[in-house]
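Colleague: Structure below; questions to follow.
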Amino acid sequence: MLSATTSPTHPPSDLLDPTSAAYKKARRQYWKTTHNRRQSIDADWTPFRAAEKKYKSRFPPPDLSGVLDVAVSDKSRADEVERGGWRGRSDAVRCREIELKLGKSPMNRKAYIFPGRPGLVLLPSFVPPEEQRRLVRWSLCEQARSPNETNLDAHYFLPEQGLWNKYVEARRAVTADECVVPRAIGSSTSSDAVSSCGPRQLISNEPVSKENYATIASSPKPSPVPSASPRPMHVSELVPKLRWANIGWFYHWGSKQYDFTRGRGAVGGHIASVCKAVVEAVPWDEVFLDDHGAICNWSNEGPDWSSWTETYEPDAGIVNFYQTKDTLMAHVDRSEVNATSPLVSVSLGCAAVFLIGGLTRDVEPIPILLRSGDVVIMSGPACRRAYHGVPRILEYTLPPHLDGHDDHDDWELYKEYLHTTRININVRQVFPKDFDPFLKTSC
């Protein structure tokens, strides 16, 4: 039988037991890879880098006692926490509980805000189980396909109906497990236009604002060059290599800016509704006003949160597909003209350690354990462009409500995939409501 994923070899409990074979194997691998490392290597690490290293560590397994995990105090999530084996603490990080504006909605009414990080909001279990399944299907079936770009499009001629949809057909024996041809082999592209293997180039993009938007928008955004290294692969082999799919305005990864010349892609009405419901549910006065009623630091244009229920319009984003060994290193989302409007991030599948710091890597980050259905909002001048990252996807943390059956025969394929996957849908607003991008570029 075709299979797109491989389950982790050892549960966390084995890796935490010094007498187990898994622990001893991890220790040998650690010694092998670190015996030549200079002892003072961590002396130059920033606080954010030190935290990344701590939670990324395979040996010894990271201690999560300093990670905020609000699920451990939620009796309704007890099976989810116990099954995973990884757990933080509900009192690990200073935060304050607030009540969401949900009316008679059955969704979780609690949210958490963080002193010292105005604009950061955690909404645990905001997305109900059935909605989580619907978003998983949307991410794989509808979003990870043409006309939306994925990380694989630059290097392979992907099936027109989408990689996941073709994979489902192959698993159902409707079609064969098609062999996908690399662009470097299957096109007439000259050898000069094919990239060779080499170290990844880091790109530092300029923060976008209303003042420099026209210049950045008109800068060249060349098409990505196909890599010369990929070999022909079957659809089932490529599915685990899917890492991201574009939402809305096309993001140009080579420059870390948007390519507005390609027009605005569709933002699914369903995910847009979810994000708007998130923003409308938050009592923003409690987020941005301190105990004395003073406004937390804001830009010269003044606070705008009071109008977000009318002006928030998600128009871009990314669906990330993490496998259990993947990481997302510290970065800042600063390609949007709107630097304060909420960035809404939805977690699905396996749990992860999420780090969020400040406006530089020198600010010690807050570690939060995000589980399936949790939502994080980054907003306001102190948080929307804060450094953040995901140093660890936690094995064996698929919650029971995604690990069972449903009314659709093909959920078994999704469940199999999700055993080693975290899906993150993060959506943002590129332009303020009254900003005309095309008028600006014509000046």
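Here, A, B, ... name the chains of the structure tokens in the order displayed, residue numbers run from 1 inside each chain, and ligands are numbered from 1 in the same displayed order.
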Go through region 226-336 of chain A and collect every residue that DSSP, computed from the backbone, puts in strand (DSSP E or B); the answer should be as a ChimeraX atom specification.
Modeller: /A:227,233-234,244-249,251-252,257-258,264,289,295,316-323,328-331
Colleague: Can you write just those residues out, C-alpha atoms, as a PDB file, in the first residue's frame?
Modeller:
ATOM      1  CA  SER A 227      17.023  23.174  -8.695  1.00  0.00           C
ATOM      2  CA  MET A 233       9.548  11.084  -7.665  1.00  0.00           C
ATOM      3  CA  HIS A 234       6.186   9.436  -7.244  1.00  0.00           C
ATOM      4  CA  TRP A 244       3.835  25.616   2.224  1.00  0.00           C
ATOM      5  CA  ALA A 245       1.053  26.900   0.004  1.00  0.00           C
ATOM      6  CA  ASN A 246       0.264  30.531  -0.790  1.00  0.00           C
ATOM      7  CA  ILE A 247      -2.946  32.351   0.234  1.00  0.00           C
ATOM      8  CA  GLY A 248      -4.134  35.599  -1.379  1.00  0.00           C
ATOM      9  CA  TRP A 249      -1.479  38.045  -2.595  1.00  0.00           C
ATOM     10  CA  TYR A 251       4.484  36.064  -1.754  1.00  0.00           C
ATOM     11  CA  HIS A 252       7.865  36.174  -3.502  1.00  0.00           C
ATOM     12  CA  GLN A 257       8.194  40.684  -0.524  1.00  0.00           C
ATOM     13  CA  TYR A 258       4.850  40.380  -2.298  1.00  0.00           C
ATOM     14  CA  ARG A 264      -4.443  39.038  -5.677  1.00  0.00           C
ATOM     15  CA  LEU A 289      -5.097  49.382  27.701  1.00  0.00           C
ATOM     16  CA  ILE A 295      -2.748  53.131  25.727  1.00  0.00           C
ATOM     17  CA  ALA A 316      -2.803  37.142   2.252  1.00  0.00           C
ATOM     18  CA  GLY A 317      -1.185  34.307   4.126  1.00  0.00           C
ATOM     19  CA  ILE A 318       0.552  30.956   4.069  1.00  0.00           C
ATOM     20  CA  VAL A 319      -0.439  27.405   4.916  1.00  0.00           C
ATOM     21  CA  ASN A 320       2.599  25.709   6.471  1.00  0.00           C
ATOM     22  CA  PHE A 321       2.944  21.930   6.481  1.00  0.00           C
ATOM     23  CA  TYR A 322       5.484  20.872   9.124  1.00  0.00           C
ATOM     24  CA  GLN A 323       6.813  17.356   9.533  1.00  0.00           C
ATOM     25  CA  LEU A 328      10.913  27.464  11.642  1.00  0.00           C
ATOM     26  CA  MET A 329      13.705  29.704  12.812  1.00  0.00           C
ATOM     27  CA  ALA A 330      13.311  33.211  14.244  1.00  0.00           C
ATOM     28  CA  HIS A 331      11.922  35.672  11.737  1.00  0.00           C
TER      29      HIS A 331
END
Colleague: Which residues come within 12 Å of Val208 (chain A), counting only C-alpha atoms, excluding same-chain residues fewer than 3 positions away, as a list in words?
Modeller: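 Once the nearby chain positions are removed, what remains is Asn205, Glu211, Asn212, Tyr213, Ala214, Thr215, Ile216, Ala217, Lys256, Gln257, Tyr258, Val332, Asp333, Arg334, Ser335, Glu336, Val337, Asn338, Ala339, Arg385, Val430 and Phe431 of chain A.
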Colleague: May I have the selected residues written with N, CA, C and O atoms, as a tab-separated table (two decimals), in the first residue's frame?
Modeller:
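And here's part16.tsv as it stands now:
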chain	number	residue	atom	x	y	z
A	205	ASN	N	14.85	41.37	4.41
A	205	ASN	CA	14.00	42.28	3.64
A	205	ASN	C	13.73	43.56	4.42
A	205	ASN	O	13.70	43.58	5.66
A	211	GLU	N	5.27	54.72	2.98
A	211	GLU	CA	6.25	55.59	2.34
A	211	GLU	C	7.13	54.87	1.33
A	211	GLU	O	7.47	55.43	0.27
A	212	ASN	N	7.52	53.63	1.60
A	212	ASN	CA	8.43	52.93	0.68
A	212	ASN	C	7.73	51.87	-0.14
A	212	ASN	O	8.37	51.14	-0.91
A	213	TYR	N	6.41	51.76	0.01
A	213	TYR	CA	5.69	50.71	-0.70
A	213	TYR	C	5.90	50.75	-2.21
A	213	TYR	O	6.17	49.71	-2.84
A	214	ALA	N	5.76	51.92	-2.82
A	214	ALA	CA	5.85	52.03	-4.28
A	214	ALA	C	7.21	51.54	-4.78
A	214	ALA	O	7.30	50.84	-5.80
A	215	THR	N	8.27	51.86	-4.06
A	215	THR	CA	9.62	51.44	-4.47
A	215	THR	C	9.77	49.94	-4.37
A	215	THR	O	10.27	49.27	-5.29
A	216	ILE	N	9.33	49.37	-3.26
A	216	ILE	CA	9.46	47.93	-3.06
A	216	ILE	C	8.56	47.16	-4.01
A	216	ILE	O	8.96	46.13	-4.58
A	217	ALA	N	7.35	47.67	-4.23
A	217	ALA	CA	6.42	46.97	-5.12
A	217	ALA	C	6.93	46.92	-6.56
A	217	ALA	O	6.64	45.97	-7.30
A	256	LYS	N	11.42	38.02	-0.27
A	256	LYS	CA	10.60	38.15	0.95
A	256	LYS	C	9.69	39.38	0.89
A	256	LYS	O	9.49	40.08	1.87
A	257	GLN	N	9.17	39.62	-0.31
A	257	GLN	CA	8.19	40.68	-0.52
A	257	GLN	C	7.07	40.13	-1.40
A	257	GLN	O	7.22	39.07	-2.02
A	258	TYR	N	5.96	40.83	-1.46
A	258	TYR	CA	4.85	40.38	-2.30
A	258	TYR	C	5.07	40.81	-3.74
A	258	TYR	O	5.63	41.87	-4.01
A	332	VAL	N	10.72	37.71	11.24
A	332	VAL	CA	9.74	38.77	11.41
A	332	VAL	C	8.91	38.87	10.14
A	332	VAL	O	9.45	38.84	9.03
A	333	ASP	N	7.60	38.99	10.28
A	333	ASP	CA	6.71	39.21	9.14
A	333	ASP	C	6.53	40.71	8.96
A	333	ASP	O	5.74	41.35	9.67
A	334	ARG	N	7.29	41.28	8.02
A	334	ARG	CA	7.28	42.74	7.85
A	334	ARG	C	7.13	43.14	6.38
A	334	ARG	O	7.59	44.20	5.97
A	335	SER	N	6.49	42.27	5.60
A	335	SER	CA	6.29	42.58	4.18
A	335	SER	C	4.96	43.26	3.91
A	335	SER	O	4.66	43.60	2.77
A	336	GLU	N	4.15	43.44	4.95
A	336	GLU	CA	2.84	44.04	4.81
A	336	GLU	C	2.89	45.54	5.14
A	336	GLU	O	3.58	45.94	6.08
A	337	VAL	N	2.15	46.33	4.40
A	337	VAL	CA	2.08	47.76	4.67
A	337	VAL	C	1.43	47.99	6.04
A	337	VAL	O	1.86	48.83	6.82
A	338	ASN	N	0.40	47.22	6.32
A	338	ASN	CA	-0.28	47.32	7.60
A	338	ASN	C	0.54	46.60	8.67
A	338	ASN	O	0.63	45.38	8.68
A	339	ALA	N	1.14	47.37	9.57
A	339	ALA	CA	2.07	46.81	10.55
A	339	ALA	C	1.45	46.57	11.92
A	339	ALA	O	2.16	46.22	12.86
A	385	ARG	N	5.17	42.75	14.55
A	385	ARG	CA	6.46	42.52	13.89
A	385	ARG	C	7.51	42.03	14.89
A	385	ARG	O	8.70	42.34	14.77
A	430	VAL	N	-2.53	42.79	4.33
A	430	VAL	CA	-1.41	43.49	3.71
A	430	VAL	C	-1.61	45.00	3.73
A	430	VAL	O	-0.70	45.75	4.06
A	431	PHE	N	-2.80	45.43	3.34
A	431	PHE	CA	-3.05	46.87	3.19
A	431	PHE	C	-4.10	47.36	4.19
A	431	PHE	O	-5.07	46.66	4.47
Colleague: Using only C-alpha atoms, which of A:Ala281, A:Ala92, A:Leu68, A:Ala228 sits nearest Lys110 (chain A)?
Modeller: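 The shortest atom-to-atom distance to Lys110 (chain A) comes from A:Ala281.
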Colleague: Expressed in Å to a single decimal, how great is the separation between CA of Pro367 (chain A) and CA of Leu64 (chain A)?
Modeller: 9.0 Å
Colleague: Leaving out Pro124 (chain A) and any residue of its chain fewer than 2 positions from it, which residues lie within 10 Å of it when counting only C-alpha atoms, given as a list in words?
Modeller: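 Counting only the stated atoms, we get Asp69, Val70, Ala71, Asp74, Met107, Asn108, Arg109, Lys110, Ala111, Tyr112, Val121, Leu122, Phe126, Val127, Ser347, Leu370, Arg371, Ser372, Gly373, Asp374, Val375 and Val376 of chain A.
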Colleague: Which of these residues is nearest to Val427 (chain A), using only C-alpha atoms: A:Ser345, A:Ser379, A:Thr397, A:Ser219?
Modeller: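 Closest to Val427 (chain A), using only C-alpha atoms: A:Ser345.
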Colleague: Excluding same-chain residues fewer than 4 positions from Ser73 (chain A), what lies within 9 Å of it counting only C-alpha atoms, as a ChimeraX atom specification?
Modeller: /A:69,77-78,89-90
Colleague: Output the selection as an mmCIF file, in the first residue's frame - N, CA and C atoms for each residue.
Modeller:
data_model
loop_
_atom_site.group_PDB
_atom_site.id
_atom_site.type_symbol
_atom_site.label_atom_id
_atom_site.label_comp_id
_atom_site.auth_asym_id
_atom_site.auth_seq_id
_atom_site.Cartn_x
_atom_site.Cartn_y
_atom_site.Cartn_z
ATOM 1 N N ASP A 69 1.432 25.824 28.783
ATOM 2 C CA ASP A 69 0.569 24.809 28.191
ATOM 3 C C ASP A 69 -0.773 24.874 28.912
ATOM 4 N N ARG A 77 -9.519 18.538 27.748
ATOM 5 C CA ARG A 77 -8.405 18.186 26.867
ATOM 6 C C ARG A 77 -7.461 17.172 27.516
ATOM 7 N N ALA A 78 -7.908 16.543 28.587
ATOM 8 C CA ALA A 78 -7.048 15.625 29.337
ATOM 9 C C ALA A 78 -6.546 14.478 28.467
ATOM 10 N N ARG A 89 3.384 23.565 31.445
ATOM 11 C CA ARG A 89 2.694 23.929 32.678
ATOM 12 C C ARG A 89 1.781 25.119 32.417
ATOM 13 N N SER A 90 0.646 25.127 33.076
ATOM 14 C CA SER A 90 -0.312 26.215 32.865
ATOM 15 C C SER A 90 0.124 27.498 33.558
#
Colleague: So what do you get for CA of Arg27 (chain A) versus CA of Pro62 (chain A), distance-wise?
Modeller: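 For CA of Arg27 (chain A) relative to CA of Pro62 (chain A), the distance reads 13.4 Å.
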Colleague: Using only C-alpha atoms, can you tell me which of A:Gly85, A:Pro226, A:Pro115, A:Pro365 comes closest to Tyr396 (chain A)?
Modeller: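 The answer is A:Gly85, which sits nearest to Tyr396 (chain A).
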Colleague: Hey, what's within 10 Å of region 155-157 of chain A if we count only C-alpha atoms and toss same-chain stuff fewer than 3 positions away? As a list in words, please?
Modeller: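 Residues near the query, excluding close chain neighbours: Asn151, Leu152, Glu160, Val180, Val181, Pro182, Arg183, Ala184, Ile185, Gly186, Ser187, Val194, Pro224, Val225, Pro226, Ser227, Ala228, Ser229, Pro230, Arg231, Pro232, Met233 and Leu238 of chain A.
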Colleague: Do you have the CA of Glu99 (chain A)-CA of Phe114 (chain A) distance handy?
Modeller: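 The value is 14.1 Å.
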Colleague: So that I can check the secondary structure, give me every residue of region 76-307 of chain A assigned helix (DSSP H, G or I) by backbone DSSP, as number ranges by chain.
Modeller: A: 76-84, 129-143, 163-171, 183-186, 191-193, 213-217, 235-241, 260-262, 269-281, 284-288, 305-307
Colleague: Rank nothing, just name the residue among A:Trp253, A:Phe48, A:Trp411, A:Trp284 nearest to Ser223 (chain A), using only C-alpha atoms.
Modeller: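 Between A:Trp253, A:Phe48, A:Trp411, A:Trp284, the residue approaching Ser223 (chain A) most closely is A:Trp253.
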